[in-house]
Every structure is written in C-alpha cells, then in structure tokens.
>>> print(open('target33.csv').read())   # CSV, N, CA and C atoms
chain,number,residue,atom,x,y,z
A,1,MET,N,82.4,-22.5,109.9
A,1,MET,CA,81.1,-22.0,110.3
A,1,MET,C,80.4,-21.4,109.1
A,2,PHE,N,79.2,-21.8,109.0
A,2,PHE,CA,78.4,-21.3,107.8
A,2,PHE,C,77.9,-19.9,108.1
A,3,LYS,N,77.7,-19.2,107.0
A,3,LYS,CA,77.1,-17.9,107.1
A,3,LYS,C,75.6,-18.0,107.4
A,4,ARG,N,75.1,-17.2,108.3
A,4,ARG,CA,73.7,-17.1,108.6
A,4,ARG,C,73.0,-16.7,107.4
A,5,ALA,N,71.7,-17.1,107.3
A,5,ALA,CA,70.9,-16.8,106.1
A,5,ALA,C,70.8,-15.3,105.8
A,6,LEU,N,70.8,-14.5,106.8
A,6,LEU,CA,70.6,-13.0,106.7
A,6,LEU,C,71.9,-12.3,106.4
A,7,PHE,N,73.0,-13.0,106.4
A,7,PHE,CA,74.3,-12.3,106.3
A,7,PHE,C,74.4,-11.5,105.0
A,8,HIS,N,74.1,-12.0,103.9
A,8,HIS,CA,74.2,-11.2,102.6
A,8,HIS,C,73.2,-10.1,102.6
A,9,THR,N,72.0,-10.3,103.1
A,9,THR,CA,71.0,-9.2,103.1
A,9,THR,C,71.4,-8.1,104.0
A,10,ILE,N,72.0,-8.4,105.1
A,10,ILE,CA,72.4,-7.3,106.1
A,10,ILE,C,73.7,-6.7,105.6
A,11,ALA,N,74.6,-7.5,105.1
A,11,ALA,CA,75.9,-7.0,104.7
A,11,ALA,C,75.8,-5.9,103.6
A,12,SER,N,74.8,-6.1,102.8
A,12,SER,CA,74.6,-5.1,101.7
A,12,SER,C,74.1,-3.7,102.3
A,13,GLN,N,73.6,-3.7,103.6
A,13,GLN,CA,73.1,-2.5,104.2
A,13,GLN,C,74.1,-1.8,105.1
A,14,LEU,N,75.3,-2.4,105.3
A,14,LEU,CA,76.2,-1.9,106.3
A,14,LEU,C,76.8,-0.5,106.0
A,15,GLN,N,76.8,-0.2,104.8
A,15,GLN,CA,77.4,1.2,104.4
A,15,GLN,C,76.4,2.3,104.7
A,16,HIS,N,75.2,2.0,104.9
A,16,HIS,CA,74.1,3.0,105.2
A,16,HIS,C,74.4,3.6,106.5
A,17,LYS,N,74.1,4.9,106.6
A,17,LYS,CA,74.4,5.7,107.9
A,17,LYS,C,73.4,5.4,109.0
A,18,ASN,N,72.3,4.8,108.7
A,18,ASN,CA,71.3,4.5,109.8
A,18,ASN,C,71.7,3.3,110.7
A,19,ALA,N,71.2,3.2,111.8
A,19,ALA,CA,71.5,2.1,112.8
A,19,ALA,C,70.9,0.9,112.2
A,20,LEU,N,71.5,-0.2,112.5
A,20,LEU,CA,71.0,-1.6,112.2
A,20,LEU,C,70.9,-2.3,113.5
A,21,VAL,N,69.7,-2.8,113.8
A,21,VAL,CA,69.4,-3.5,115.0
A,21,VAL,C,69.1,-5.0,114.7
A,22,ILE,N,69.8,-5.9,115.3
A,22,ILE,CA,69.5,-7.3,115.2
A,22,ILE,C,68.9,-7.8,116.5
A,23,THR,N,67.7,-8.3,116.4
A,23,THR,CA,67.0,-8.8,117.6
A,23,THR,C,66.5,-10.2,117.3
A,24,GLY,N,66.2,-10.9,118.4
A,24,GLY,CA,65.7,-12.3,118.2
A,24,GLY,C,65.7,-13.1,119.5
A,25,MET,N,65.2,-14.3,119.4
A,25,MET,CA,65.2,-15.1,120.6
A,25,MET,C,66.6,-15.5,121.0
A,26,ARG,N,66.7,-16.1,122.2
A,26,ARG,CA,68.0,-16.6,122.6
A,26,ARG,C,68.5,-17.7,121.8
A,27,GLN,N,69.8,-17.8,121.6
A,27,GLN,CA,70.5,-18.9,121.0
A,27,GLN,C,70.1,-19.2,119.5
A,28,VAL,N,69.7,-18.1,118.8
A,28,VAL,CA,69.4,-18.3,117.4
A,28,VAL,C,70.5,-17.8,116.4
A,29,GLY,N,71.6,-17.3,117.0
A,29,GLY,CA,72.7,-16.9,116.1
A,29,GLY,C,73.0,-15.4,115.9
A,30,LYS,N,72.4,-14.6,116.8
A,30,LYS,CA,72.6,-13.1,116.6
A,30,LYS,C,74.0,-12.7,116.8
A,31,THR,N,74.7,-13.2,117.8
A,31,THR,CA,76.1,-12.9,118.0
A,31,THR,C,77.0,-13.5,116.9
A,32,THR,N,76.7,-14.7,116.5
A,32,THR,CA,77.5,-15.3,115.4
A,32,THR,C,77.3,-14.4,114.2
A,33,LEU,N,76.1,-14.0,113.8
A,33,LEU,CA,75.9,-13.1,112.7
A,33,LEU,C,76.6,-11.8,112.8
A,34,MET,N,76.6,-11.2,114.0
A,34,MET,CA,77.3,-9.9,114.2
A,34,MET,C,78.8,-10.1,114.1
A,35,LYS,N,79.3,-11.2,114.6
A,35,LYS,CA,80.8,-11.5,114.4
A,35,LYS,C,81.1,-11.7,113.0
A,36,GLN,N,80.3,-12.3,112.2
A,36,GLN,CA,80.6,-12.5,110.8
A,36,GLN,C,80.5,-11.2,110.1
A,37,LEU,N,79.6,-10.4,110.4
A,37,LEU,CA,79.4,-9.1,109.7
A,37,LEU,C,80.6,-8.2,110.1
A,38,ALA,N,81.1,-8.2,111.4
A,38,ALA,CA,82.2,-7.4,111.8
A,38,ALA,C,83.5,-7.9,111.1
A,39,ALA,N,83.6,-9.2,110.9
A,39,ALA,CA,84.8,-9.8,110.2
A,39,ALA,C,84.8,-9.4,108.8
A,40,ALA,N,83.6,-9.2,108.2
A,40,ALA,CA,83.6,-8.8,106.8
A,40,ALA,C,83.7,-7.3,106.6
A,41,TRP,N,83.7,-6.5,107.6
A,41,TRP,CA,83.8,-5.1,107.5
A,41,TRP,C,85.3,-4.8,107.1
A,42,PRO,N,85.5,-3.9,106.1
A,42,PRO,CA,86.8,-3.7,105.6
A,42,PRO,C,87.8,-2.8,106.4
A,43,GLY,N,87.3,-2.4,107.5
A,43,GLY,CA,88.2,-1.5,108.4
A,43,GLY,C,88.0,-1.8,109.8
A,44,LYS,N,88.3,-0.9,110.7
A,44,LYS,CA,88.2,-1.0,112.1
A,44,LYS,C,86.7,-0.9,112.5
A,45,HIS,N,86.4,-1.5,113.6
A,45,HIS,CA,85.0,-1.3,114.2
A,45,HIS,C,85.2,-1.4,115.7
A,46,VAL,N,84.2,-1.0,116.4
A,46,VAL,CA,84.1,-1.0,117.9
A,46,VAL,C,83.1,-2.0,118.3
A,47,TRP,N,83.5,-2.9,119.3
A,47,TRP,CA,82.6,-3.9,119.8
A,47,TRP,C,82.5,-3.8,121.3
A,48,PHE,N,81.3,-3.7,121.8
A,48,PHE,CA,81.0,-3.7,123.2
A,48,PHE,C,80.2,-5.0,123.4
A,49,ASP,N,80.5,-5.8,124.5
A,49,ASP,CA,79.8,-7.0,124.8
A,49,ASP,C,79.4,-6.8,126.3
A,50,PHE,N,78.1,-6.7,126.5
A,50,PHE,CA,77.6,-6.5,127.8
A,50,PHE,C,77.7,-7.8,128.7
A,51,ASP,N,78.2,-8.9,128.2
A,51,ASP,CA,78.5,-10.0,129.0
A,51,ASP,C,79.9,-9.8,129.6
A,52,ASN,N,80.6,-8.8,129.1
A,52,ASN,CA,81.9,-8.4,129.7
A,52,ASN,C,81.7,-7.4,130.7
A,53,PRO,N,82.1,-7.6,132.0
A,53,PRO,CA,81.8,-6.6,133.0
A,53,PRO,C,82.5,-5.3,132.8
A,54,LEU,N,83.7,-5.2,132.1
A,54,LEU,CA,84.3,-4.0,131.9
A,54,LEU,C,83.5,-3.1,130.9
A,55,ASP,N,83.0,-3.8,129.8
A,55,ASP,CA,82.1,-3.1,128.9
A,55,ASP,C,80.8,-2.6,129.6
A,56,GLN,N,80.3,-3.4,130.4
A,56,GLN,CA,79.1,-3.1,131.1
A,56,GLN,C,79.3,-1.8,132.0
A,57,MET,N,80.4,-1.8,132.7
A,57,MET,CA,80.7,-0.6,133.5
A,57,MET,C,80.8,0.7,132.8
A,58,LEU,N,81.2,0.7,131.5
A,58,LEU,CA,81.3,1.9,130.7
A,58,LEU,C,79.9,2.5,130.6
A,59,PHE,N,78.9,1.6,130.4
A,59,PHE,CA,77.5,2.1,130.1
A,59,PHE,C,76.7,2.3,131.4
A,60,GLU,N,77.2,1.7,132.5
A,60,GLU,CA,76.5,2.0,133.7
A,60,GLU,C,76.9,3.3,134.4
A,61,SER,N,78.0,3.8,133.9
A,61,SER,CA,78.5,5.1,134.5
A,61,SER,C,77.6,6.2,133.9
A,62,ASN,N,77.4,7.2,134.8
A,62,ASN,CA,76.7,8.4,134.3
A,62,ASN,C,77.6,9.4,133.6
A,63,ASP,N,78.9,9.1,133.5
A,63,ASP,CA,79.9,9.9,132.9
A,63,ASP,C,80.0,9.4,131.4
A,64,PHE,N,79.3,9.9,130.5
A,64,PHE,CA,79.3,9.4,129.1
A,64,PHE,C,80.6,9.8,128.4
A,65,ARG,N,81.4,10.6,129.1
A,65,ARG,CA,82.7,11.0,128.5
A,65,ARG,C,83.6,9.7,128.3
A,66,LEU,N,83.2,8.7,129.1
A,66,LEU,CA,84.0,7.4,129.0
A,66,LEU,C,83.7,6.7,127.7
A,67,ILE,N,82.5,6.9,127.2
A,67,ILE,CA,82.1,6.2,125.9
A,67,ILE,C,82.4,7.1,124.7
A,68,HIS,N,82.4,8.4,124.9
A,68,HIS,CA,82.6,9.3,123.8
A,68,HIS,C,83.8,9.1,122.9
A,69,PRO,N,85.0,8.7,123.4
A,69,PRO,CA,86.1,8.4,122.5
A,69,PRO,C,85.8,7.3,121.5
A,70,PHE,N,85.0,6.4,121.9
A,70,PHE,CA,84.7,5.3,121.0
A,70,PHE,C,83.7,5.7,119.8
A,71,THR,N,83.0,6.8,120.0
A,71,THR,CA,82.0,7.2,119.1
A,71,THR,C,82.4,8.3,118.2
A,72,THR,N,83.4,9.0,118.4
A,72,THR,CA,83.8,10.2,117.7
A,72,THR,C,84.4,9.9,116.3
A,73,ASN,N,85.0,8.7,116.1
A,73,ASN,CA,85.7,8.5,114.9
A,73,ASN,C,84.8,7.8,113.8
A,74,HIS,N,83.5,7.7,114.1
A,74,HIS,CA,82.5,7.2,113.1
A,74,HIS,C,82.8,5.8,112.7
A,75,LEU,N,83.4,5.0,113.5
A,75,LEU,CA,83.6,3.6,113.2
A,75,LEU,C,82.3,2.8,113.5
A,76,PRO,N,82.1,1.8,112.8
A,76,PRO,CA,80.9,0.9,113.1
A,76,PRO,C,80.9,0.5,114.5
A,77,LEU,N,79.8,0.6,115.2
A,77,LEU,CA,79.7,0.3,116.6
A,77,LEU,C,78.8,-0.9,116.8
A,78,THR,N,79.3,-1.9,117.5
A,78,THR,CA,78.5,-3.1,117.8
A,78,THR,C,78.3,-3.2,119.3
A,79,ILE,N,77.1,-3.4,119.7
A,79,ILE,CA,76.8,-3.6,121.1
A,79,ILE,C,76.0,-4.9,121.2
A,80,ASN,N,76.7,-5.9,121.9
A,80,ASN,CA,76.1,-7.2,122.0
A,80,ASN,C,75.6,-7.4,123.4
A,81,HIS,N,74.3,-7.8,123.6
A,81,HIS,CA,73.8,-8.0,124.9
A,81,HIS,C,73.0,-9.3,124.9
>>> encode(input="target33.csv", output="structure tokens")
Amino acid sequence: MFKRALFHTIASQLQHKNALVITGMRQVGKTTLMKQLAAAWPGKHVWFDFDNPLDQMLFESNDFRLIHPFTTNHLPLTINH
C-alpha cells in the first residue's frame, strides 16, 4: 500500500500537543492515512472506531468515566468515524 500524499506532511506534526483533525469526502483515504500514521507512531496509541458498536457505546454513554482511562496516559488518541 502506498503512502498517502499528506503522510509526510502530517507525520512531521504528530509530536505537537495540539489536536490534529483529518476530514474529507467519503472513500478518499482518511482511514488509510490514519492507520499509516498510527503504524508510524513509535509507541502505543488509542484507536476508537465508531463503526465498531462497542466503541460507539463508550461515547454514547453519559458516564464519561468509561472513556477517562483511555485519556489519562497522554497516548495519541485516534477516533475514526
């Protein structure tokens, strides 16, 4: 699989503390790009996929304590929808 054109541009920004948002039309490679970026990350990361009903349930709950354990260790967090 080839690297998306934006891979190197975005990869250089991953160490920054600000959020990175990838948006675009359907079927243009956003998820592929995010998977490539996650694979290039030198450590652990957290991935939520809203196509997965179990991940969806975590965010539909009003009890945000369910999500909190995933966010307290400052790992990169990916939410795919």
>>> atom_distance(input="target33.csv", atom1="atom N of A:Gln36", atom2="atom CA of A:Pro69")
23.8 Å
>>> atom_distance(input="target33.csv", atom1="atom N of A:His16", atom2="atom CA of A:Val28")
24.5 Å
>>> atom_distance(input="target33.csv", atom1="atom CA of A:Gln15", atom2="atom CA of A:Thr78")
14.1 Å
>>> select_by_dssp(input="target33.csv", residues="chain A", states="alpha helix (DSSP H)", output="MDAnalysis selection string")
chainID A and resid 7:11 30:40 53:60 68:71
>>> select_by_dssp(input="target33.csv", residues="chain A", states="strand (DSSP E)", output="ChimeraX atom specification")
/A:46-49,77-80
>>> closest_residue(input="target33.csv", among="A:Thr31, A:Asn80, A:Ile67, A:Ala39", to="A:Asp51", atoms="all atoms listed in the file")
A:Asn80
>>> closest_residue(input="target33.csv", among="A:Ala38, A:Leu33, A:Ala11, A:Ile79", to="A:Asp55", atoms="only C-alpha atoms")
A:Ile79
>>> closest_residue(input="target33.csv", among="A:His45, A:Leu77, A:Lys3, A:Thr71", to="A:Thr32", atoms="only N, CA and C atoms")
A:Lys3
>>> closest_residue(input="target33.csv", among="A:Ala19, A:Leu37, A:Lys44, A:Gly24", to="A:Phe7", atoms="only N, CA and C atoms")
A:Leu37
>>> closest_residue(input="target33.csv", among="A:Lys30, A:Asp63, A:Leu58, A:Pro76", to="A:Val46", atoms="only N, CA and C atoms")
A:Pro76
>>> closest_residue(input="target33.csv", among="A:His81, A:Lys35, A:Gly29, A:Leu20", to="A:Asp49", atoms="only N, CA and C atoms")
A:His81
